[in-house]
$ cat protein35.cif   # mmCIF, C-alpha atoms
data_coords
loop_
_atom_site.label_atom_id
_atom_site.label_comp_id
_atom_site.auth_asym_id
_atom_site.auth_seq_id
_atom_site.Cartn_x
_atom_site.Cartn_y
_atom_site.Cartn_z
CA MET A 259 23.23 9.18 -27.52
CA ASN A 260 22.13 5.55 -27.35
CA GLU A 261 19.08 4.15 -25.55
CA ARG A 262 21.03 3.17 -22.44
CA GLU A 263 22.44 6.67 -22.02
CA GLU A 264 18.98 8.18 -22.53
CA LEU A 265 17.55 5.85 -19.88
CA LEU A 266 20.35 6.70 -17.47
CA ALA A 267 19.68 10.40 -18.03
CA LYS A 268 15.97 9.87 -17.30
CA PHE A 269 16.79 7.85 -14.20
CA ASN A 270 19.27 10.47 -13.00
CA LYS A 271 16.58 13.11 -13.39
CA ALA A 272 14.05 10.94 -11.53
CA MET A 273 16.42 9.74 -8.80
CA PRO A 274 15.44 12.41 -6.21
CA LEU A 275 11.83 11.26 -6.55
CA ILE A 276 12.83 7.61 -6.32
CA LYS A 277 14.84 8.32 -3.17
CA ALA A 278 11.91 10.26 -1.69
CA LEU A 279 9.62 7.33 -2.52
CA ASP A 280 12.05 4.90 -0.87
CA LYS A 281 12.12 7.08 2.26
CA ASN A 282 8.32 7.24 2.33
CA GLU A 283 8.06 3.46 1.91
CA ASN A 284 10.37 2.95 4.90
CA GLU A 285 8.41 5.47 6.98
CA SER A 286 5.16 3.80 5.98
CA PHE A 287 6.50 0.47 7.20
CA LYS A 288 7.54 2.03 10.53
CA PHE A 289 4.20 3.81 10.91
CA SER A 290 2.24 0.63 10.24
CA LYS A 291 4.29 -1.31 12.82
CA THR A 292 3.67 1.46 15.35
CA LYS A 293 -0.04 1.47 14.47
CA ASP A 294 -0.22 -2.28 15.10
CA ARG A 295 1.57 -1.91 18.43
CA LEU A 296 -0.74 0.90 19.51
CA ALA A 297 -3.80 -1.14 18.53
CA LYS A 298 -2.60 -3.95 20.80
CA ILE A 299 -1.95 -1.51 23.64
CA ILE A 300 -5.44 -0.04 23.22
CA ALA A 301 -6.93 -3.54 23.31
CA VAL A 302 -5.06 -4.41 26.52
CA PHE A 303 -6.01 -1.22 28.34
CA THR A 304 -9.61 -1.46 27.14
CA PHE A 305 -9.73 -4.96 28.61
CA MET A 306 -8.26 -3.64 31.87
CA VAL A 307 -10.84 -0.85 32.07
CA VAL A 308 -13.70 -3.29 31.46
CA PHE A 309 -12.24 -5.75 33.97
CA ALA A 310 -11.83 -3.00 36.58
CA PHE A 311 -15.40 -1.90 35.89
CA VAL A 312 -16.74 -5.43 36.42
CA VAL A 313 -14.70 -5.94 39.59
CA CYS A 314 -15.73 -2.57 41.03
CA ILE A 315 -19.42 -3.19 40.29
CA SER A 316 -19.18 -6.66 41.85
CA VAL A 317 -17.48 -5.37 44.97
CA ASP A 318 -20.01 -2.54 45.23
CA PHE A 319 -22.88 -4.97 44.67
CA LEU A 320 -21.61 -7.23 47.44
CA GLY A 321 -21.68 -4.32 49.88
CA GLY A 322 -18.01 -3.43 49.81
CA PHE A 323 -16.35 -0.29 48.69
CA GLY A 324 -15.81 0.20 45.02
CA GLY A 325 -16.69 2.32 42.11
CA PHE A 326 -15.79 2.49 38.50
CA ILE A 327 -14.03 5.84 38.73
CA GLU A 328 -11.67 4.76 41.48
CA GLY A 329 -11.11 1.24 40.20
CA ALA A 330 -10.42 1.99 36.56
CA PHE A 331 -8.85 5.44 36.83
CA ILE A 332 -5.27 4.18 36.60
CA PHE A 333 -6.09 2.64 33.21
CA TYR A 334 -7.73 5.76 31.71
CA VAL A 335 -4.58 7.79 31.20
CA PRO A 336 -2.59 5.16 29.25
CA LEU A 337 -5.71 4.29 27.24
CA VAL A 338 -6.31 7.92 26.26
CA ILE A 339 -2.61 8.41 25.41
CA ALA A 340 -2.63 5.28 23.25
CA ILE A 341 -5.81 6.38 21.45
CA PHE A 342 -4.36 9.82 20.68
CA GLY A 343 -1.11 8.19 19.50
CA TYR A 344 -3.08 5.82 17.28
CA ARG A 345 -5.02 8.69 15.69
CA ALA A 346 -1.86 10.73 15.14
CA ASN A 347 -0.17 7.72 13.58
CA LYS A 348 -3.15 7.18 11.24
CA LYS A 349 -2.84 10.81 10.11
CA LYS A 350 0.88 10.33 9.43
CA ILE A 351 0.16 7.18 7.42
CA LYS A 352 -2.49 8.96 5.34
CA LYS A 353 -0.22 11.95 4.67
CA ASN A 354 2.64 9.62 3.75
CA GLU A 355 0.45 7.63 1.36
CA GLU A 356 -0.81 10.81 -0.32
CA GLU A 357 2.77 11.93 -0.84
CA MET A 358 3.70 8.53 -2.29
CA VAL A 359 0.77 8.67 -4.75
CA LYS A 360 1.86 12.16 -5.82
CA ILE A 361 5.41 10.92 -6.43
CA LEU A 362 4.26 7.82 -8.33
CA ASN A 363 2.03 9.89 -10.61
CA SER A 364 4.72 12.44 -11.46
CA ASP A 365 5.72 12.90 -15.08
CA GLU A 366 9.39 12.22 -14.35
CA LEU A 367 8.59 8.57 -13.56
CA SER A 368 6.20 8.05 -16.48
CA PHE A 369 8.85 6.29 -18.58
CA ILE A 370 8.79 3.38 -16.10
CA PRO A 371 5.88 0.94 -16.49
CA ALA A 372 3.31 1.22 -13.68
CA SER A 373 3.93 -2.32 -12.42
CA TYR A 374 7.62 -1.49 -11.80
CA ARG A 375 6.88 1.99 -10.48
CA CYS A 376 4.91 0.71 -7.48
CA GLU A 377 8.07 0.10 -5.40
CA SER A 378 11.30 2.04 -5.28
CA TYR A 379 13.09 -1.30 -4.94
CA ASN A 380 12.22 -2.16 -8.55
CA MET A 381 13.28 1.20 -9.94
CA ILE A 382 16.59 1.19 -8.07
CA GLY A 383 17.27 -2.38 -9.24
CA ILE A 384 16.64 -1.50 -12.88
CA TYR A 385 18.78 1.62 -12.55
CA LYS A 386 21.70 -0.41 -11.14
CA ILE A 387 21.43 -2.89 -14.00
CA LEU A 388 21.75 -0.03 -16.49
CA LEU A 389 24.64 1.49 -14.52
CA ASP A 390 26.48 -1.84 -14.42
CA MET A 391 26.04 -2.17 -18.20
CA ARG A 392 24.21 -5.47 -17.85
CA ALA A 393 21.59 -4.19 -20.29
CA ASP A 394 21.50 -1.71 -23.16
CA THR A 395 17.75 -1.30 -23.61
CA PHE A 396 14.89 -0.86 -21.22
CA LYS A 397 13.42 -4.19 -22.26
CA GLU A 398 16.70 -5.96 -21.52
CA ALA A 399 16.97 -4.20 -18.16
CA LEU A 400 13.47 -5.34 -17.21
CA ASN A 401 14.24 -8.93 -18.23
CA VAL A 402 17.52 -8.93 -16.29
CA TRP A 403 15.72 -7.46 -13.27
CA GLU A 404 12.99 -10.12 -13.42
CA GLN A 405 15.65 -12.83 -13.66
CA ASP A 406 17.54 -11.35 -10.70
CA LYS A 407 14.36 -11.26 -8.59
CA HIS A 408 13.60 -14.86 -9.55
CA ASN A 409 17.13 -15.91 -8.61
CA MET A 410 16.82 -14.18 -5.21
CA VAL A 411 13.56 -16.02 -4.50
CA MET A 412 15.07 -19.37 -5.49
CA GLU A 413 18.17 -18.75 -3.37
CA ALA A 414 16.01 -17.84 -0.37
CA LYS A 415 13.91 -21.00 -0.82
CA SER A 416 16.99 -23.20 -1.13
CA ALA A 417 18.48 -21.61 1.99
CA VAL A 418 15.32 -22.51 3.90
CA ILE A 419 15.46 -26.08 2.60
CA VAL A 420 19.12 -26.47 3.56
CA LYS A 421 18.47 -25.31 7.12
#

$ encode --input "protein35.cif" --output "structure tokens"
Amino acid sequence: MNEREELLAKFNKAMPLIKALDKNENESFKFSKTKDRLAKIIAVFTFMVVFAFVVCISVDFLGGFGGFIEGAFIFYVPLVIAIFGYRANKKKIKKNEEEMVKILNSDELSFIPASYRCESYNMIGIYKILLDMRADTFKEALNVWEQDKHNMVMEAKSAVIVK
């Protein structure tokens, strides 16, 4: 069994973990986008509550009817819902990150250098290079992968320049 076949065997054994890591990375991205959206919603409704409070105090001060409870009540419910959603999302993010750390520290991925283990994208790319027989050793696969990533960056930059 040559080095390439040994690497492919190791990758095949680690592939369920790599796929789980890829899934967690995608979920993490979704969770962080949702967290950002919820933070903006909380900011908007907090502003509305404060604004309603100021308006109600002013109206009350000027002798009219008013009151914080009546004026800002319609903004409480969405604000509370957004805050609970934000907290739940933070818990999901934390749980997801803990799971990703557990996967990254597993023994089945220890044959991959830490700098390439940080993203499933790198591991899948190296695996495909070995599958396509573009490299016979791990060192060659890493060099081919680095060259491929460099080429993708250059192509993206040239596409921007052309437009």

$ atom_distance --input "protein35.cif" --atom1 "atom CA of Glu355 of chain A" --atom2 "atom CA of Asn284 of chain A"
11.5 Å

$ atom_distance --input "protein35.cif" --atom1 "atom CA of Lys350 of chain A" --atom2 "atom CA of Asp280 of chain A"
16.1 Å

$ closest_residue --input "protein35.cif" --among "A:Phe289, A:Trp403, A:Phe311, A:Phe269" --to "Leu367 of chain A" --atoms "all atoms listed in the file"
A:Phe269

$ atom_distance --input "protein35.cif" --atom1 "atom CA of Glu366 of chain A" --atom2 "atom CA of Met410 of chain A"
28.9 Å

$ resolve_selection --input "protein35.cif" --expression "the PyMOL selection byres ((chain A and resi 377-389) around 7)" --output "list in words"
Arg262, Leu266, Phe269, Ile276, Leu279, Asp280, Tyr374, Arg375, Cys376, Asp390, Met391, Arg392, Ala393, Asp394, Ala399, Leu400 and Trp403 of chain A

$ closest_residue --input "protein35.cif" --among "A:Phe333, A:Ser368, A:Met412, A:Ala346" --to "Phe305 of chain A" --atoms "all atoms listed in the file"
A:Phe333

$ residues_around --input "protein35.cif" --residues "Ile341 of chain A" --least-positions-apart "5" --cutoff "9 Å" --atoms "all atoms listed in the file" --output "MDAnalysis selection string"
chainID A and resid 296:297 300 336 346

$ residues_around --input "protein35.cif" --residues "Leu337 of chain A" --least-positions-apart "4" --cutoff "9 Å" --atoms "only C-alpha atoms" --output "ChimeraX atom specification"
/A:299-304,307,333,341-342

$ resolve_selection --input "protein35.cif" --expression "the PyMOL selection byres ((chain A and resi 261) around 8)" --output "JSON, numbers by chain"
{"A": [259, 260, 262, 263, 264, 265, 394, 395, 396]}

$ closest_residue --input "protein35.cif" --among "A:Lys298, A:Lys360, A:Lys348, A:Lys268" --to "Asn282 of chain A" --atoms "only C-alpha atoms"
A:Lys360

$ closest_residue --input "protein35.cif" --among "A:Phe309, A:Lys397, A:Glu285, A:Gln405" --to "Lys353 of chain A" --atoms "all atoms listed in the file"
A:Glu285

$ build_atoms --input "protein35.cif" --residues "segment 375-388 of chain A" --atoms "N, CA, C and O atoms" --output "compact mmCIF listing (two decimals), keeping the file's coordinate frame"
# COMPACT_ATOMS: atom_id res chain seq x y z
N ARG A 375 6.84 0.70 -11.17
CA ARG A 375 6.88 1.99 -10.48
C ARG A 375 6.31 1.90 -9.06
O ARG A 375 6.49 2.78 -8.25
N CYS A 376 5.62 0.81 -8.76
CA CYS A 376 4.91 0.71 -7.48
C CYS A 376 5.86 0.60 -6.29
O CYS A 376 5.47 0.90 -5.17
N GLU A 377 7.10 0.19 -6.49
CA GLU A 377 8.07 0.10 -5.40
C GLU A 377 9.40 0.69 -5.84
O GLU A 377 9.86 0.43 -6.96
N SER A 378 10.01 1.45 -4.95
CA SER A 378 11.30 2.04 -5.28
C SER A 378 12.36 0.96 -5.49
O SER A 378 13.30 1.14 -6.26
N TYR A 379 12.17 -0.17 -4.82
CA TYR A 379 13.09 -1.30 -4.94
C TYR A 379 13.27 -1.72 -6.40
O TYR A 379 14.39 -1.95 -6.86
N ASN A 380 12.16 -1.79 -7.14
CA ASN A 380 12.22 -2.16 -8.55
C ASN A 380 12.97 -1.12 -9.37
O ASN A 380 13.83 -1.46 -10.19
N MET A 381 12.65 0.14 -9.15
CA MET A 381 13.28 1.20 -9.94
C MET A 381 14.78 1.29 -9.67
O MET A 381 15.57 1.46 -10.59
N ILE A 382 15.16 1.14 -8.42
CA ILE A 382 16.59 1.19 -8.07
C ILE A 382 17.31 -0.01 -8.68
O ILE A 382 18.43 0.12 -9.19
N GLY A 383 16.67 -1.19 -8.65
CA GLY A 383 17.27 -2.38 -9.24
C GLY A 383 17.50 -2.24 -10.74
O GLY A 383 18.57 -2.58 -11.27
N ILE A 384 16.51 -1.70 -11.44
CA ILE A 384 16.64 -1.50 -12.88
C ILE A 384 17.73 -0.47 -13.17
O ILE A 384 18.54 -0.65 -14.09
N TYR A 385 17.77 0.58 -12.38
CA TYR A 385 18.78 1.62 -12.55
C TYR A 385 20.19 1.04 -12.37
O TYR A 385 21.09 1.33 -13.17
N LYS A 386 20.38 0.19 -11.37
CA LYS A 386 21.70 -0.41 -11.14
C LYS A 386 22.11 -1.33 -12.29
O LYS A 386 23.28 -1.40 -12.64
N ILE A 387 21.14 -2.02 -12.86
CA ILE A 387 21.43 -2.89 -14.00
C ILE A 387 21.93 -2.06 -15.18
O ILE A 387 22.91 -2.43 -15.85
N LEU A 388 21.30 -0.92 -15.41
CA LEU A 388 21.75 -0.03 -16.49
C LEU A 388 23.11 0.56 -16.18
O LEU A 388 23.97 0.66 -17.06
